[in-house]
Every structure is written in C-alpha cells, then in structure tokens.
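Listing of data_26.cif; format and content: mmCIF, C-alpha atoms.
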data_entry
loop_
_atom_site.label_atom_id
_atom_site.label_comp_id
_atom_site.auth_asym_id
_atom_site.auth_seq_id
_atom_site.Cartn_x
_atom_site.Cartn_y
_atom_site.Cartn_z
CA MET A 221 -49.83 47.51 70.16
CA VAL A 222 -51.01 44.04 71.20
CA ALA A 223 -48.16 41.78 72.32
CA ARG A 224 -47.97 38.46 70.49
CA GLU A 225 -46.33 35.40 72.04
CA ILE A 226 -44.16 33.18 69.86
CA SER A 227 -42.52 29.86 70.54
CA ARG A 228 -38.78 29.57 71.06
CA GLN A 229 -38.49 27.54 67.86
CA THR A 230 -40.21 30.28 65.84
CA PHE A 231 -37.99 32.90 67.45
CA LEU A 232 -34.85 30.95 66.61
CA ARG A 233 -35.85 30.49 62.98
CA GLY A 234 -36.48 34.22 62.63
CA ALA A 235 -33.34 35.23 64.50
CA ALA A 236 -30.88 32.83 62.89
CA GLY A 237 -29.72 35.29 60.24
CA ALA A 238 -29.37 38.12 62.70
CA LEU A 239 -27.32 36.01 65.10
CA ALA A 240 -25.01 34.83 62.34
CA ALA A 241 -24.22 38.44 61.50
CA GLY A 242 -24.10 39.64 65.10
CA ALA A 243 -21.41 40.34 67.64
CA PHE A 244 -20.92 36.77 68.87
CA ALA A 245 -19.06 33.98 67.15
CA GLY A 246 -19.38 30.23 67.13
CA ALA A 247 -18.17 27.23 65.18
CA GLY A 248 -19.11 27.40 61.52
CA ARG A 249 -19.78 31.13 61.54
CA ALA A 250 -17.89 33.80 59.67
CA ASN A 251 -14.52 34.59 61.18
CA GLY A 252 -14.05 37.98 62.76
CA GLU A 253 -11.50 40.40 61.34
CA PRO A 254 -8.44 40.62 63.62
CA VAL A 255 -7.80 44.06 65.08
CA ALA A 256 -4.33 45.21 64.13
CA ALA A 257 -4.04 47.99 66.67
CA GLY A 258 -5.64 49.12 69.91
CA TRP A 259 -5.03 46.07 72.07
CA ASP A 260 -2.55 47.99 74.23
CA GLY A 261 -5.28 50.44 75.16
CA LEU A 262 -7.58 47.64 76.26
CA SER A 263 -4.73 45.98 78.16
CA SER A 264 -4.08 49.13 80.17
CA ALA A 265 -7.81 49.65 80.84
CA ILE A 266 -8.54 46.27 82.44
CA ALA A 267 -7.16 44.44 85.45
CA GLY A 268 -6.98 41.19 83.49
CA GLN A 269 -4.75 40.31 80.55
CA VAL A 270 -4.85 40.72 76.79
CA ILE A 271 -2.93 37.79 75.31
CA GLN A 272 -2.10 38.13 71.61
CA PRO A 273 -0.78 35.45 69.20
CA ASN A 274 2.83 36.59 69.63
CA ALA A 275 2.74 36.03 73.40
CA PRO A 276 4.46 32.86 74.69
CA GLN A 277 1.38 31.87 76.72
CA PHE A 278 -1.04 32.28 73.80
CA GLY A 279 -1.14 28.54 73.02
CA SER A 280 -2.23 27.58 76.50
CA ALA A 281 -4.53 30.59 76.84
CA LYS A 282 -6.56 29.68 73.74
CA ALA A 283 -6.71 25.93 74.44
CA VAL A 284 -10.19 24.51 75.14
CA PHE A 285 -11.49 21.21 76.49
CA ASN A 286 -12.33 19.89 73.02
CA THR A 287 -8.91 19.67 71.38
CA ASN A 288 -10.52 19.55 67.90
CA TYR A 289 -10.70 23.36 68.13
CA ASN A 290 -7.20 24.06 69.44
CA GLY A 291 -5.97 24.72 65.90
CA LEU A 292 -8.09 27.88 65.69
CA THR A 293 -6.37 31.26 66.14
CA PRO A 294 -8.32 34.01 67.91
CA ALA A 295 -7.22 37.61 67.44
CA ALA A 296 -6.58 37.71 71.19
CA VAL A 297 -7.61 36.08 74.45
CA VAL A 298 -8.87 38.58 77.02
CA THR A 299 -8.96 37.28 80.60
CA ALA A 300 -11.45 39.23 82.68
CA THR A 301 -11.01 39.44 86.44
CA SER A 302 -14.12 41.54 87.14
CA PRO A 303 -17.48 42.38 85.56
CA ALA A 304 -16.00 45.81 84.77
CA ASP A 305 -13.31 44.09 82.68
CA VAL A 306 -16.04 42.30 80.75
CA GLN A 307 -17.84 45.58 80.07
CA LYS A 308 -14.68 47.26 78.80
CA ALA A 309 -13.79 44.28 76.62
CA MET A 310 -17.28 44.14 75.11
CA ALA A 311 -17.25 47.88 74.41
CA PHE A 312 -13.82 47.51 72.79
CA ALA A 313 -15.07 44.70 70.57
CA ALA A 314 -18.11 46.72 69.49
CA ALA A 315 -15.98 49.78 68.71
CA ASN A 316 -13.62 47.68 66.58
CA ASN A 317 -16.26 45.53 64.84
CA LEU A 318 -14.76 42.46 66.44
CA LYS A 319 -16.68 39.25 67.10
CA VAL A 320 -16.58 37.81 70.62
CA ALA A 321 -16.42 34.19 71.78
CA PRO A 322 -17.20 34.09 75.52
CA ARG A 323 -15.46 31.23 77.29
CA GLY A 324 -16.66 29.67 80.52
CA ALA A 325 -15.24 26.22 81.17
CA GLY A 326 -14.51 25.77 77.44
CA HIS A 327 -16.40 22.49 76.95
CA SER A 328 -18.50 23.42 73.91
CA TYR A 329 -18.71 20.49 71.50
CA VAL A 330 -19.53 22.87 68.65
CA GLY A 331 -16.55 25.13 69.34
CA ALA A 332 -18.49 28.12 70.66
CA SER A 333 -15.67 28.94 73.11
CA THR A 334 -13.25 29.96 70.37
CA ALA A 335 -13.03 30.95 66.68
CA ASN A 336 -10.52 32.31 64.21
CA GLY A 337 -10.03 36.07 64.34
CA THR A 338 -12.34 36.65 67.29
CA MET A 339 -11.77 38.02 70.76
CA VAL A 340 -12.01 35.08 73.16
CA LEU A 341 -13.39 36.53 76.39
CA ASP A 342 -12.13 34.19 79.11
CA LEU A 343 -14.47 34.38 82.11
CA ARG A 344 -12.77 31.79 84.33
CA GLN A 345 -11.17 34.37 86.62
CA LEU A 346 -14.33 36.25 87.52
CA PRO A 347 -14.73 36.38 91.33
CA GLY A 348 -17.64 35.19 93.40
CA GLY A 349 -17.52 31.49 94.13
CA VAL A 350 -20.63 29.44 94.91
CA GLY A 351 -23.05 31.49 97.03
CA TYR A 352 -25.93 29.47 98.50
CA ASP A 353 -28.70 31.33 100.37
CA ALA A 354 -30.41 28.96 102.80
CA GLY A 355 -33.22 31.44 103.33
CA THR A 356 -34.33 31.48 99.69
CA GLY A 357 -32.88 28.19 98.43
CA LEU A 358 -31.14 30.13 95.64
CA VAL A 359 -27.54 29.63 94.54
CA THR A 360 -25.52 32.27 92.67
CA VAL A 361 -22.34 31.51 90.71
CA PRO A 362 -19.93 33.09 88.20
CA PRO A 363 -20.29 31.68 84.67
CA ALA A 364 -17.29 29.34 84.63
CA THR A 365 -18.11 27.65 87.95
CA SER A 366 -17.87 23.89 87.51
CA LEU A 367 -20.91 21.73 88.11
CA TYR A 368 -18.95 19.76 90.68
CA ALA A 369 -18.15 22.90 92.69
CA MET A 370 -21.85 23.76 92.74
CA HIS A 371 -22.84 20.26 93.84
CA GLN A 372 -20.25 20.19 96.60
CA VAL A 373 -21.80 23.25 98.25
CA LEU A 374 -25.39 22.17 97.63
CA ALA A 375 -24.87 18.61 98.86
CA ALA A 376 -23.66 19.96 102.20
CA ALA A 377 -26.95 21.86 102.48
CA GLY A 378 -29.11 18.90 101.40
CA ARG A 379 -30.06 20.62 98.15
CA GLY A 380 -29.86 19.67 94.48
CA ILE A 381 -30.00 21.27 91.05
CA PRO A 382 -30.60 19.66 87.64
CA THR A 383 -27.32 19.38 85.73
CA GLY A 384 -25.42 17.02 83.51
CA THR A 385 -22.91 14.48 84.77
CA CYS A 386 -19.55 15.94 83.71
CA PRO A 387 -17.95 17.53 86.79
CA SER A 388 -15.79 20.10 84.98
CA VAL A 389 -18.48 21.62 82.72
CA GLY A 390 -19.22 25.30 83.41
CA ALA A 391 -22.53 26.57 84.73
CA ALA A 392 -23.20 29.23 82.09
CA GLY A 393 -22.73 27.18 78.94
CA HIS A 394 -24.67 24.30 80.44
CA ALA A 395 -27.64 26.36 81.60
CA LEU A 396 -27.84 28.71 78.60
CA GLY A 397 -27.88 25.73 76.27
CA GLY A 398 -30.52 23.81 78.23
CA GLY A 399 -28.75 21.52 80.67
CA LEU A 400 -29.98 17.91 80.64
CA GLY A 401 -28.98 15.52 83.39
CA ALA A 402 -29.74 13.05 86.15
CA HIS A 403 -32.43 15.17 87.85
CA SER A 404 -34.16 16.33 84.65
CA ARG A 405 -36.97 13.73 84.75
CA HIS A 406 -38.38 15.31 87.92
CA ALA A 407 -36.75 18.78 88.03
CA GLY A 408 -36.45 19.80 84.37
CA LEU A 409 -33.41 21.35 82.71
CA MET A 410 -30.84 23.58 84.33
CA SER A 411 -32.26 26.43 82.26
CA ASP A 412 -35.62 25.84 83.98
CA ALA A 413 -33.94 26.47 87.33
CA LEU A 414 -32.44 29.82 86.23
CA ARG A 415 -34.00 32.72 88.14
CA SER A 416 -31.79 35.61 87.02
CA ALA A 417 -28.59 36.38 85.14
CA THR A 418 -26.34 39.41 84.90
CA VAL A 419 -25.40 39.94 81.26
CA VAL A 420 -23.05 42.38 79.53
CA LEU A 421 -24.64 43.33 76.22
CA PRO A 422 -22.57 43.79 73.03
CA GLY A 423 -22.10 47.53 73.61
CA GLY A 424 -20.79 47.05 77.17
CA GLN A 425 -23.99 47.75 79.15
CA ALA A 426 -24.61 45.40 82.10
CA VAL A 427 -28.20 44.34 82.82
CA THR A 428 -29.83 41.80 85.12
CA ALA A 429 -32.42 39.65 83.38
CA SER A 430 -35.20 37.89 85.28
CA ALA A 431 -38.92 37.27 84.98
CA ASP A 432 -39.52 40.81 86.26
CA SER A 433 -36.62 42.69 84.65
CA GLN A 434 -35.56 42.38 81.00
CA PRO A 435 -38.05 39.48 80.60
CA ASP A 436 -37.42 39.09 76.86
CA LEU A 437 -33.70 38.62 77.44
CA PHE A 438 -34.42 36.26 80.33
CA TRP A 439 -36.67 34.20 78.05
CA ALA A 440 -33.97 34.05 75.37
CA LEU A 441 -31.23 33.06 77.82
CA ARG A 442 -33.19 29.99 78.91
CA GLY A 443 -32.63 28.09 75.68
CA GLY A 444 -33.97 30.70 73.26
CA GLY A 445 -30.67 31.42 71.55
CA GLY A 446 -27.83 29.41 73.01
CA GLY A 447 -26.68 32.28 75.21
CA ASN A 448 -25.53 34.44 72.30
CA PHE A 449 -27.11 37.69 73.47
CA GLY A 450 -24.26 38.88 75.67
CA ALA A 451 -21.53 37.75 78.04
CA THR A 452 -23.05 36.38 81.23
CA THR A 453 -21.14 37.31 84.39
CA SER A 454 -23.41 35.83 87.09
CA LEU A 455 -26.26 33.32 87.29
CA THR A 456 -28.78 32.58 90.05
CA PHE A 457 -30.64 29.26 90.22
CA ALA A 458 -33.42 27.72 92.27
CA THR A 459 -32.60 24.47 94.08
CA PHE A 460 -34.67 21.60 95.51
CA PRO A 461 -34.39 19.32 98.56
CA ALA A 462 -32.23 16.28 97.88
CA GLY A 463 -31.44 13.08 99.78
CA GLU A 464 -29.26 10.07 99.12
CA VAL A 465 -29.65 7.98 95.98
CA ASP A 466 -28.28 4.71 94.67
CA ALA A 467 -26.00 4.96 91.64
CA VAL A 468 -26.20 1.78 89.54
CA ASN A 469 -23.66 0.91 86.85
CA LEU A 470 -24.49 -1.99 84.50
CA ASN A 471 -21.97 -3.15 81.92
CA PHE A 472 -23.10 -5.17 78.88
CA PRO A 473 -21.36 -6.93 75.98
CA PRO A 474 -20.79 -4.34 73.22
CA GLN A 475 -22.78 -6.42 70.71
CA SER A 476 -25.90 -5.98 72.84
CA PHE A 477 -25.96 -2.17 72.61
CA ALA A 478 -28.90 -1.97 70.19
CA GLN A 479 -31.02 -4.05 72.54
CA VAL A 480 -29.79 -2.07 75.54
CA LEU A 481 -31.09 1.09 73.87
CA VAL A 482 -34.49 -0.51 73.27
CA GLY A 483 -34.68 -1.69 76.87
CA TRP A 484 -33.59 1.74 78.13
CA GLN A 485 -36.28 3.50 76.06
CA ASN A 486 -38.98 1.09 77.19
CA TRP A 487 -37.98 1.53 80.84
CA LEU A 488 -38.14 5.33 80.59
CA ARG A 489 -41.78 5.22 79.48
CA THR A 490 -43.01 3.95 82.84
CA ALA A 491 -40.15 4.53 85.29
CA ASP A 492 -40.75 6.68 88.35
CA ARG A 493 -39.69 10.29 87.80
CA SER A 494 -37.24 10.00 90.70
CA CYS A 495 -35.22 7.51 88.63
CA TRP A 496 -32.91 8.30 85.72
CA ALA A 497 -30.64 6.34 83.41
CA LEU A 498 -28.03 7.05 80.77
CA ALA A 499 -27.17 4.54 78.04
CA ASP A 500 -23.85 4.96 76.29
CA ALA A 501 -21.20 3.19 74.26
CA THR A 502 -17.58 4.33 74.38
CA VAL A 503 -14.38 3.30 72.62
CA ASP A 504 -10.94 3.61 74.21
CA PRO A 505 -7.59 1.76 73.95
CA MET A 506 -9.10 -1.05 76.03
CA GLY A 507 -11.89 -1.63 73.50
CA THR A 508 -15.61 -0.91 73.17
CA HIS A 509 -17.77 -0.54 76.25
CA CYS A 510 -21.56 -0.61 76.63
CA ARG A 511 -23.29 0.40 79.83
CA ILE A 512 -26.28 1.81 81.65
CA LEU A 513 -25.66 4.36 84.42
CA ALA A 514 -28.78 4.84 86.56
CA THR A 515 -29.75 6.73 89.70
CA CYS A 516 -32.70 5.84 91.89
CA PRO A 517 -33.95 6.36 95.47
CA ALA A 518 -31.61 5.02 98.13
CA GLY A 519 -32.19 1.34 98.82
CA SER A 520 -33.72 0.51 95.44
CA GLY A 521 -30.52 -0.03 93.47
CA GLY A 522 -30.68 -3.81 93.64
CA ARG A 523 -34.17 -3.88 92.13
CA LYS A 524 -33.19 -1.47 89.35
CA ALA A 525 -30.16 -3.59 88.47
CA GLY A 526 -32.46 -6.46 87.48
CA CYS A 527 -35.22 -4.58 85.70
CA GLY A 528 -34.62 -6.13 82.25
CA TRP A 529 -32.57 -3.72 80.16
CA VAL A 530 -31.99 -6.32 77.42
CA SER A 531 -33.39 -9.72 76.49
CA SER A 532 -32.49 -12.51 78.89
CA ARG A 533 -29.96 -14.14 76.57
CA TYR A 534 -27.60 -11.22 77.23
CA SER A 535 -26.22 -11.11 80.75
CA THR A 536 -24.38 -8.19 82.28
CA ILE A 537 -20.63 -8.38 82.79
CA ALA A 538 -20.77 -6.40 86.03
CA ILE A 539 -23.34 -4.68 88.23
CA ASP A 540 -22.28 -2.19 90.89
CA TRP A 541 -24.32 0.18 92.98
CA ILE A 542 -23.53 2.45 95.85
CA SER A 543 -25.57 4.84 98.00
CA VAL A 544 -24.33 8.37 97.46
CA SER A 545 -25.29 12.00 97.77
CA PRO A 546 -27.42 12.86 94.70
CA SER A 547 -25.66 16.14 94.17
CA ILE A 548 -22.19 14.63 94.11
CA SER A 549 -23.27 11.59 92.11
CA SER A 550 -24.95 13.66 89.44
CA ALA A 551 -21.75 15.58 88.83
CA GLY A 552 -19.09 12.94 89.12
CA THR A 553 -20.03 9.43 88.07
CA SER A 554 -19.69 9.43 84.30
CA PRO A 555 -17.59 10.86 81.46
CA CYS A 556 -18.46 14.28 80.08
CA GLY A 557 -21.44 13.82 77.82
CA PHE A 558 -23.58 16.91 77.24
CA THR A 559 -23.43 20.04 75.13
CA GLU A 560 -21.67 22.72 77.14
CA ARG A 561 -19.74 25.91 76.53
#
Is it possible to express this structure as structure tokens?
Amino acid sequence: MVAREISRQTFLRGAAGALAAGAFAGAGRANGEPVAAGWDGLSSAIAGQVIQPNAPQFGSAKAVFNTNYNGLTPAAVVTATSPADVQKAMAFAAANNLKVAPRGAGHSYVGASTANGTMVLDLRQLPGGVGYDAGTGLVTVPPATSLYAMHQVLAAAGRGIPTGTCPSVGAAGHALGGGLGAHSRHAGLMSDALRSATVVLPGGQAVTASADSQPDLFWALRGGGGGNFGATTSLTFATFPAGEVDAVNLNFPPQSFAQVLVGWQNWLRTADRSCWALADATVDPMGTHCRILATCPAGSGGRKAGCGWVSSRYSTIAIDWISVSPSISSAGTSPCGFTER
C-alpha cells in the first residue's frame, strides 16, 4: 500500500468524531459515566491517591487554575506518583468505560483538565524535575513542570526554548497544544521543539513517540490533536543558545487600543525575527489597561520604545525597559495569556 500524507487540518476534521467518542474528555464533550464501584481496587494498586467526591479534600483536589470550571464534579481525582500509576489508572479507566481528563498544571482555558463524571488524572506529582543535557542541548521534563522552572534551569546554561509568558503554565499542555510565545518568531512553537514524548495509551500501554519511533503518534502530539491520544508522562525538547534581551513595557491610554493593534501588526511585518511584542488590554479593579510588551536584543530597548506603535497624537503613559535573561523574561513578565492545559 502506498502511504499518503495528509495535512494536520485534514486529519483533525476526519478525527473529530472519533475523538469526541474516545477515551479522553474535554470541555463541551459528553460527560463520562461515574464508576460506582472498583475505586478501592485502584487505590490499593497505585502509590498515589484516589480522591472521590465524599472525601474532605475533593474540593481542593479538583480545583483548576481557571475557576470557571471548579463547579464541575469528576467521578474521582487520581493523583499519580509514578508512570506505573498512570498506566494502572488508564487501564482501570478503559476497563470501566470511563473518560479521562489528564491534568498537568490545570491552566486549560477550555476546561480540558476536568469534566463532570470523568477520572481526572492529576500528573503534578510525577517525579523527574528538569533534566538538561549539555552534551545534546536537550531538556527532559515531567508533564506538569512549569515553564518558569524550565527557564530557570535553561537560563543558567545559556539556553532558551520557545514558550508562552505565563510562568505557572505546564509544559505538556502548552507544547501539545502548540505553544506560542516570545521566541516563536525565530524559534517556532514549543511543539516544534519537541523531540520525543513518553505516552500512556488508553489501554495502559506506555510508548515513546519520536520521529523514529511511533512517528504517527509523534506527529499527532505536535499539534495534530490537542494531546488527546494518551496521558503524557515525559517530554524532551531541543533548546537553542540564548543571551540577554531588553524587555520593553509601553503603556497607552485605553482609548488608543485599536490604533495600538494596527501599529503592532504593521511593526510585525518588518521587525527583525529576534524581536517580539505582545499587545493586550486588561480590565481589573483599577480600570482598563492597554500596553505593548516587547523583547529585543540587549541594548536596543530604547530604540524599540519609540518605534511608532500608534499615531503621534497618542503618547505613552509610561515606558520601562530592563536588560534581562531571555529565558527568565519570557516566562515571567506578563499575565498568563495562552491556551494551556
């Protein structure tokens, strides 16, 4: 049989129905049927915990970063402390026709970290830490590792990785969903940096997906299906050399936001790939705020601050820039603002 390549978009359109009926749950999908019995067996088989709705810690165990989804009631929250726990939990879910919502850092804006009647598989206690290999330039992390923790280790080694700017977002949800951020204009998405991932499939089998092993799964993990093909227990990424950058923060009158967006878009068309900028408007008890957050090569912040983001009749309220490590700055200088799990 002759192999035929298809685009990720075509694959997603064809797979949408299958995913909706599959083993993994997400916001807006059918709720799983709670399992009335059998949890005690799983609890005794794993080193982690099985936390059911009648447990006093259930409320805190099921809570996620986006409080809009804290009203949902999973059938149970299973905290895994080893890849073996994940395998046993996945096998249990398959045997009991139970949908699974893997949870890394719990940031998903669409609620993919929880759902009514599902088994929330909490991966935050998996061991491993951030393992950087100076010989290969690769970094390996458990799925719930925060972006900030990764950048702390990489900055010390003079290395970087493309990620978003929210420090507490988890590596797995960010990478498996794409991962757009301050380095993306020259280094691509975080999913582009993925070199391999260990994944527990719905039946409990653990496989390692890479370009050379399980290539179809590896292709799908890198944005092909939002990470809904298994529970990822480890991820390995390529890194790149990184030096200091200037972080520039420009604050504008809220009424100028439309023009700020136009100026931001025009700037992006011709800006050097080593530069990046985020335009956002936020509302808090202090009012409405409009700003540009930009990063650029060290020493060029002053020039970027005056590059004409809006027409001259709007002046900025404040301009600040500092020279910082690119790895730390890319993970800690703005509010959480990307789609993560």
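All protein, DNA and RNA residues at most 9 Å from (-22.3, 34.0, 96.2) are A:Gly348, A:Gly349, A:Val350, A:Gly351, A:Tyr352, A:Asp353, A:Val359, A:Thr360, A:Val361, A:Pro362, using all atoms listed in the file.
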Output for the residues just chosen: C-alpha atoms as a compact mmCIF listing (two decimals), in the frame of the given file:
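Below you can see out.txt, which holds the result:
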# COMPACT_ATOMS: atom_id res chain seq x y z
CA GLY A 348 -17.64 35.19 93.40
CA GLY A 349 -17.52 31.49 94.13
CA VAL A 350 -20.63 29.44 94.91
CA GLY A 351 -23.05 31.49 97.03
CA TYR A 352 -25.93 29.47 98.50
CA ASP A 353 -28.70 31.33 100.37
CA VAL A 359 -27.54 29.63 94.54
CA THR A 360 -25.52 32.27 92.67
CA VAL A 361 -22.34 31.51 90.71
CA PRO A 362 -19.93 33.09 88.20
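Between CA of Leu358 (chain A) and CA of Phe457 (chain A) the interatomic distance comes to 5.5 Å.
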Spatial neighbours of region 290-304 of chain A, 9 Å, all atoms listed in the file, chain gap at least 6 places, as a PyMOL selection string: chain A and resi 252-256+259+263+266-273+278-279+281-284+321+334-347+420+426+453-454
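When all atoms listed in the file are used to compute distances to Leu421 (chain A), the closest of the residues A:Ala392, A:Leu437, A:Leu374, A:Leu409 turns out to be A:Leu437.
If you apply the PyMOL selection byres ((chain A and resi 495) around 9) to this structure, you end up with A:Ala402, A:His403, A:Arg405, A:His406, A:Leu488, A:Ala491, A:Asp492, A:Arg493, A:Ser494, A:Trp496, A:Ala497, A:Ala514, A:Thr515, A:Cys516, A:Pro517.
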8 Å contact set for Ala309 (chain A), only C-alpha atoms, chain neighbours under 2 positions out, as a count of residues only: 10
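Comparing the minimum interatomic distances between Ser366 (chain A) and each of A:Pro387, A:Pro322, A:Gly423, A:Gly519, counting all atoms listed in the file, we find that A:Pro387 sits nearest.
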Atomic distance CA of Gly326 (chain A) - CA of Ala501 (chain A), expressed in Å with one decimal: 23.8 Å
Interatomic distance (Å, one decimal) between CA of Ala417 (chain A) and CA of Asn317 (chain A): 25.5 Å
Residue members of the PyMOL selection byres ((chain A and resi 285) around 12) in the file shown, as a PyMOL selection string: chain A and resi 280-284+286-290+323-334+388-390+556+560-561
